[in-house]
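Engineer: Handing over protein.pdb, PDB, C-alpha atoms, pLDDT in the B column.
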MODEL        1
ATOM      1  CA  MET D  20       0.000   0.000   0.000  1.00 82.00           C
ATOM      2  CA  GLY D  21       2.801   2.414   0.810  1.00 90.00           C
ATOM      3  CA  LEU D  22       3.163   4.793   3.733  1.00 92.00           C
ATOM      4  CA  ASP D  23       1.681   7.728   1.820  1.00 90.00           C
ATOM      5  CA  ASN D  24      -1.524   5.800   1.098  1.00 91.00           C
ATOM      6  CA  ILE D  25      -1.772   4.605   4.694  1.00 90.00           C
ATOM      7  CA  SER D  26      -1.286   8.150   5.977  1.00 88.00           C
ATOM      8  CA  ARG D  27      -3.889   9.533   3.570  1.00 91.00           C
ATOM      9  CA  HIS D  28      -6.403   6.849   4.600  1.00 92.00           C
ATOM     10  CA  GLU D  29      -5.898   7.594   8.306  1.00 91.00           C
ATOM     11  CA  ARG D  30      -6.240  11.370   7.730  1.00 89.00           C
ATOM     12  CA  GLU D  31      -9.429  10.846   5.738  1.00 91.00           C
ATOM     13  CA  LEU D  32     -10.933   8.624   8.437  1.00 93.00           C
ATOM     14  CA  GLY D  33      -9.948  11.084  11.165  1.00 92.00           C
ATOM     15  CA  SER D  34     -11.496  13.986   9.275  1.00 91.00           C
ATOM     16  CA  TYR D  35     -14.650  11.987   8.581  1.00 94.00           C
ATOM     17  CA  ALA D  36     -14.910  10.949  12.238  1.00 94.00           C
ATOM     18  CA  LEU D  37     -14.490  14.536  13.435  1.00 93.00           C
ATOM     19  CA  GLU D  38     -17.150  15.697  10.996  1.00 93.00           C
ATOM     20  CA  GLN D  39     -19.579  13.050  12.246  1.00 96.00           C
ATOM     21  CA  LEU D  40     -18.820  13.559  15.948  1.00 96.00           C
ATOM     22  CA  ARG D  41     -19.227  17.331  15.654  1.00 94.00           C
ATOM     23  CA  GLN D  42     -22.821  16.752  14.543  1.00 96.00           C
ATOM     24  CA  LEU D  43     -23.621  15.397  18.007  1.00 97.00           C
ATOM     25  CA  PRO D  44     -24.170  18.445  20.257  1.00 96.00           C
ATOM     26  CA  GLU D  45     -23.515  16.362  23.398  1.00 96.00           C
ATOM     27  CA  VAL D  46     -19.960  15.502  22.290  1.00 97.00           C
ATOM     28  CA  THR D  47     -17.007  17.610  23.441  1.00 94.00           C
ATOM     29  CA  ILE D  48     -13.856  16.972  21.404  1.00 93.00           C
ATOM     30  CA  TYR D  49     -10.466  17.729  22.938  1.00 89.00           C
ATOM     31  CA  GLY D  50      -7.317  18.958  21.214  1.00 79.00           C
ATOM     32  CA  HIS D  51      -8.268  19.158  17.564  1.00 67.00           C
ATOM     33  CA  SER D  52      -6.947  22.219  15.826  1.00 57.00           C
ATOM     34  CA  ILE D  53      -5.726  19.993  12.984  1.00 58.00           C
ATOM     35  CA  GLU D  54      -8.290  18.112  10.901  1.00 57.00           C
ATOM     36  CA  SER D  55      -5.934  15.275   9.998  1.00 58.00           C
ATOM     37  CA  GLU D  56      -5.689  13.521  13.338  1.00 73.00           C
ATOM     38  CA  ALA D  57      -6.598   9.846  13.422  1.00 84.00           C
ATOM     39  CA  VAL D  58      -6.841   9.791  17.234  1.00 90.00           C
ATOM     40  CA  ILE D  59      -9.793  11.617  18.769  1.00 93.00           C
ATOM     41  CA  SER D  60     -10.404  12.195  22.473  1.00 93.00           C
ATOM     42  CA  PHE D  61     -13.877  13.226  23.552  1.00 95.00           C
ATOM     43  CA  ASN D  62     -16.550  13.160  26.227  1.00 96.00           C
ATOM     44  CA  VAL D  63     -20.314  12.974  25.927  1.00 97.00           C
ATOM     45  CA  GLY D  64     -22.252  15.396  28.110  1.00 95.00           C
ATOM     46  CA  THR D  65     -21.997  14.420  31.761  1.00 94.00           C
ATOM     47  CA  ILE D  66     -21.756  10.685  31.057  1.00 96.00           C
ATOM     48  CA  HIS D  67     -18.707   9.161  32.740  1.00 96.00           C
ATOM     49  CA  HIS D  68     -16.078   8.173  30.188  1.00 96.00           C
ATOM     50  CA  MET D  69     -15.842   4.634  31.558  1.00 96.00           C
ATOM     51  CA  ASP D  70     -19.613   4.160  31.230  1.00 97.00           C
ATOM     52  CA  ILE D  71     -19.381   5.210  27.590  1.00 97.00           C
ATOM     53  CA  GLY D  72     -16.514   2.789  26.989  1.00 97.00           C
ATOM     54  CA  THR D  73     -18.335  -0.088  28.668  1.00 97.00           C
ATOM     55  CA  LEU D  74     -21.567   0.477  26.758  1.00 97.00           C
ATOM     56  CA  LEU D  75     -19.767   0.865  23.420  1.00 98.00           C
ATOM     57  CA  ASP D  76     -17.847  -2.341  24.158  1.00 97.00           C
ATOM     58  CA  ARG D  77     -21.144  -4.182  24.625  1.00 96.00           C
ATOM     59  CA  LEU D  78     -22.093  -2.943  21.154  1.00 96.00           C
ATOM     60  CA  GLY D  79     -18.839  -4.332  19.738  1.00 96.00           C
ATOM     61  CA  ILE D  80     -17.146  -0.934  19.431  1.00 97.00           C
ATOM     62  CA  ALA D  81     -13.614  -0.693  20.808  1.00 96.00           C
ATOM     63  CA  VAL D  82     -12.434   2.572  22.354  1.00 97.00           C
ATOM     64  CA  ARG D  83     -10.027   3.476  25.146  1.00 95.00           C
ATOM     65  CA  THR D  84     -11.019   5.393  28.261  1.00 95.00           C
ATOM     66  CA  GLY D  85      -9.080   7.120  30.998  1.00 90.00           C
ATOM     67  CA  HIS D  86      -6.455   9.832  31.210  1.00 87.00           C
ATOM     68  CA  HIS D  87      -4.251   8.269  28.500  1.00 85.00           C
ATOM     69  CA  CYS D  88      -0.976   8.967  30.336  1.00 82.00           C
ATOM     70  CA  ALA D  89      -1.894  12.663  30.336  1.00 84.00           C
ATOM     71  CA  GLN D  90      -3.232  13.131  33.850  1.00 86.00           C
ATOM     72  CA  PRO D  91      -1.668  16.601  34.343  1.00 89.00           C
ATOM     73  CA  LEU D  92      -3.434  17.758  31.173  1.00 84.00           C
ATOM     74  CA  MET D  93      -6.701  16.191  32.310  1.00 86.00           C
ATOM     75  CA  ASP D  94      -6.341  17.974  35.655  1.00 89.00           C
ATOM     76  CA  ARG D  95      -5.715  21.252  33.817  1.00 89.00           C
ATOM     77  CA  LEU D  96      -8.793  20.680  31.628  1.00 85.00           C
ATOM     78  CA  GLY D  97     -10.853  19.765  34.684  1.00 89.00           C
ATOM     79  CA  VAL D  98     -11.936  16.382  33.341  1.00 90.00           C
ATOM     80  CA  LEU D  99     -11.612  12.969  34.973  1.00 90.00           C
ATOM     81  CA  GLY D 100     -10.741  11.339  31.664  1.00 93.00           C
ATOM     82  CA  THR D 101     -11.888  10.976  28.095  1.00 94.00           C
ATOM     83  CA  VAL D 102     -12.968   8.416  25.554  1.00 97.00           C
ATOM     84  CA  ARG D 103     -10.421   7.921  22.777  1.00 94.00           C
ATOM     85  CA  ALA D 104     -11.127   6.529  19.337  1.00 95.00           C
ATOM     86  CA  SER D 105      -8.167   5.648  17.124  1.00 93.00           C
ATOM     87  CA  PHE D 106      -8.274   4.941  13.415  1.00 91.00           C
ATOM     88  CA  ALA D 107      -5.691   3.079  11.370  1.00 92.00           C
ATOM     89  CA  LEU D 108      -5.145   1.334   8.061  1.00 92.00           C
ATOM     90  CA  TYR D 109      -7.600  -1.458   8.840  1.00 94.00           C
ATOM     91  CA  ASN D 110     -10.522   0.812   9.821  1.00 95.00           C
ATOM     92  CA  THR D 111     -13.350   1.906   7.535  1.00 96.00           C
ATOM     93  CA  LYS D 112     -15.965   4.652   7.328  1.00 96.00           C
ATOM     94  CA  ASP D 113     -18.525   2.019   8.285  1.00 97.00           C
ATOM     95  CA  GLU D 114     -16.713   1.625  11.599  1.00 97.00           C
ATOM     96  CA  VAL D 115     -16.794   5.377  12.160  1.00 97.00           C
ATOM     97  CA  ASP D 116     -20.526   5.250  11.445  1.00 98.00           C
ATOM     98  CA  ALA D 117     -20.875   2.397  13.960  1.00 98.00           C
ATOM     99  CA  LEU D 118     -19.113   4.521  16.595  1.00 98.00           C
ATOM    100  CA  VAL D 119     -21.434   7.464  15.976  1.00 98.00           C
ATOM    101  CA  SER D 120     -24.489   5.204  15.978  1.00 98.00           C
ATOM    102  CA  GLY D 121     -23.303   3.624  19.230  1.00 98.00           C
ATOM    103  CA  LEU D 122     -22.814   7.036  20.810  1.00 98.00           C
ATOM    104  CA  LYS D 123     -26.321   8.059  19.788  1.00 97.00           C
ATOM    105  CA  ARG D 124     -27.638   4.942  21.483  1.00 97.00           C
ATOM    106  CA  VAL D 125     -25.603   5.609  24.640  1.00 96.00           C
ATOM    107  CA  ILE D 126     -26.895   9.188  24.759  1.00 96.00           C
ATOM    108  CA  THR D 127     -30.495   7.931  24.800  1.00 95.00           C
ATOM    109  CA  MET D 128     -29.712   5.808  27.877  1.00 93.00           C
ATOM    110  CA  PHE D 129     -28.887   8.829  30.047  1.00 92.00           C
TER     111      PHE D 129
ENDMDL
END
Output the structure of this file as structure tokens.
Structural biologist:
Amino acid sequence: MGLDNISRHERELGSYALEQLRQLPEVTIYGHSIESEAVISFNVGTIHHMDIGTLLDRLGIAVRTGHHCAQPLMDRLGVLGTVRASFALYNTKDEVDALVSGLKRVITMF
């Protein structure tokens, strides 16, 4: 595939994911001044990040939760932790759509 193609794919997925997540008013995205990031940290309203991770996991959607080795930053931001979605070569737009759909479902539970 080549590194350039892999990089382009990851940037495109990251941009697509940001676009989709920004359509959910409950979602707060952290640290994205660049549209090409393939790693997105976010929270959803007042729902605890670990609850989001657990519920998404039950829907078959893998994300990370916690302070991601950035606890001083989390303290500075005043958040306990975040949910982190990461996209790579093997991910697809369908998986981004599944994440967004899963988040919509989680939002209705709270």
Engineer: Using all atoms listed in the file, find the one residue out of D:Leu22, D:Ile71, D:Val98, D:Ala104 that sits nearest to Glu56 of chain D.
Structural biologist: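 Of D:Leu22, D:Ile71, D:Val98, D:Ala104, the one nearest Glu56 of chain D is D:Ala104, counting all atoms listed in the file.
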Engineer: Between atom CA of His87 of chain D and atom CA of Tyr49 of chain D, what distance in Å does the model show, to one decimal?
Structural biologist: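 Separating atom CA of His87 of chain D from atom CA of Tyr49 of chain D is a distance of 12.6 Å.
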Engineer: Evaluate the PyMOL selection byres ((chain D and resi 69) around 10) and record the selected residues as a PDB file with C-alpha atoms, in the frame of the given file, following the chain and residue labels used in the document.
Structural biologist:
ATOM      1  CA  ILE D  66     -21.756  10.685  31.057  1.00 96.00           C
ATOM      2  CA  HIS D  67     -18.707   9.161  32.740  1.00 96.00           C
ATOM      3  CA  HIS D  68     -16.078   8.173  30.188  1.00 96.00           C
ATOM      4  CA  ASP D  70     -19.613   4.160  31.230  1.00 97.00           C
ATOM      5  CA  ILE D  71     -19.381   5.210  27.590  1.00 97.00           C
ATOM      6  CA  GLY D  72     -16.514   2.789  26.989  1.00 97.00           C
ATOM      7  CA  THR D  73     -18.335  -0.088  28.668  1.00 97.00           C
ATOM      8  CA  LEU D  74     -21.567   0.477  26.758  1.00 97.00           C
ATOM      9  CA  LEU D  75     -19.767   0.865  23.420  1.00 98.00           C
ATOM     10  CA  ARG D  83     -10.027   3.476  25.146  1.00 95.00           C
ATOM     11  CA  THR D  84     -11.019   5.393  28.261  1.00 95.00           C
ATOM     12  CA  GLY D  85      -9.080   7.120  30.998  1.00 90.00           C
ATOM     13  CA  LEU D  99     -11.612  12.969  34.973  1.00 90.00           C
ATOM     14  CA  GLY D 100     -10.741  11.339  31.664  1.00 93.00           C
ATOM     15  CA  THR D 101     -11.888  10.976  28.095  1.00 94.00           C
ATOM     16  CA  VAL D 102     -12.968   8.416  25.554  1.00 97.00           C
TER      17      VAL D 102
END
Engineer: Show me, as a PDB file with C-alpha atoms, in the frame of the given file, the residues that have an atom within 8 Å of Ile59 of chain D when counting only C-alpha atoms, minus same-chain residues fewer than 4 positions from it.
Structural biologist:
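File selection31.pdb, as written:
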ATOM      1  CA  GLY D  33      -9.948  11.084  11.165  1.00 92.00           C
ATOM      2  CA  LEU D  37     -14.490  14.536  13.435  1.00 93.00           C
ATOM      3  CA  ILE D  48     -13.856  16.972  21.404  1.00 93.00           C
ATOM      4  CA  TYR D  49     -10.466  17.729  22.938  1.00 89.00           C
ATOM      5  CA  HIS D  51      -8.268  19.158  17.564  1.00 67.00           C
ATOM      6  CA  ARG D 103     -10.421   7.921  22.777  1.00 94.00           C
ATOM      7  CA  ALA D 104     -11.127   6.529  19.337  1.00 95.00           C
ATOM      8  CA  SER D 105      -8.167   5.648  17.124  1.00 93.00           C
TER       9      SER D 105
END
Engineer: Counting only C-alpha atoms, which residue out of D:Ala107, D:Ile126, D:Val115, D:Val46 sits closest to Asn24 of chain D?
Structural biologist: D:Ala107
Engineer: How many Å separate atom CA of Met128 of chain D from atom CA of Val63 of chain D?
Structural biologist: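 These two atoms are separated by 12.0 Å.
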Engineer: Kindly resolve the PyMOL selection byres ((chain D and resi 111) around 12) on the present coordinates and return the residues as a list in words.
Structural biologist: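 Here the PyMOL selection byres ((chain D and resi 111) around 12) matches His28, Glu29, Arg30, Glu31, Leu32, Gly33, Tyr35, Ala36, Ala57, Ser105, Phe106, Ala107, Leu108, Tyr109, Asn110, Lys112, Asp113, Glu114, Val115, Asp116, Ala117 and Leu118 of chain D.
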Engineer: To one decimal in Å, tell me the separation between atom CA of Pro44 of chain D and atom CA of Ile80 of chain D.
Structural biologist: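 Between these atoms lies a distance of 20.6 Å.
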Engineer: Considering all atoms listed in the file, state which residue in the set D:Ile25, D:Leu40, D:Leu92, D:Val125 is at the smallest distance from Asp76 of chain D.
Structural biologist: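 Answer, going by the shortest atom-to-atom distance: D:Val125.
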Engineer: When you count all atoms listed in the file, which of these residues is closest to Ala81 of chain D: D:Gly121, D:Thr47, D:Gly64, D:Ser34?
Structural biologist: D:Gly121
Engineer: Return the padded bounding box of segment 108-113 of chain D as lines of an AutoDock Vina configuration file: axis-aligned, built from all atoms listed in the file, 4 Å added on each side, with centre and edge lengths in Å to one decimal.
Structural biologist:
center_x = -11.8
center_y = 1.6
center_z = 8.6
size_x = 21.4
size_y = 14.1
size_z = 10.5
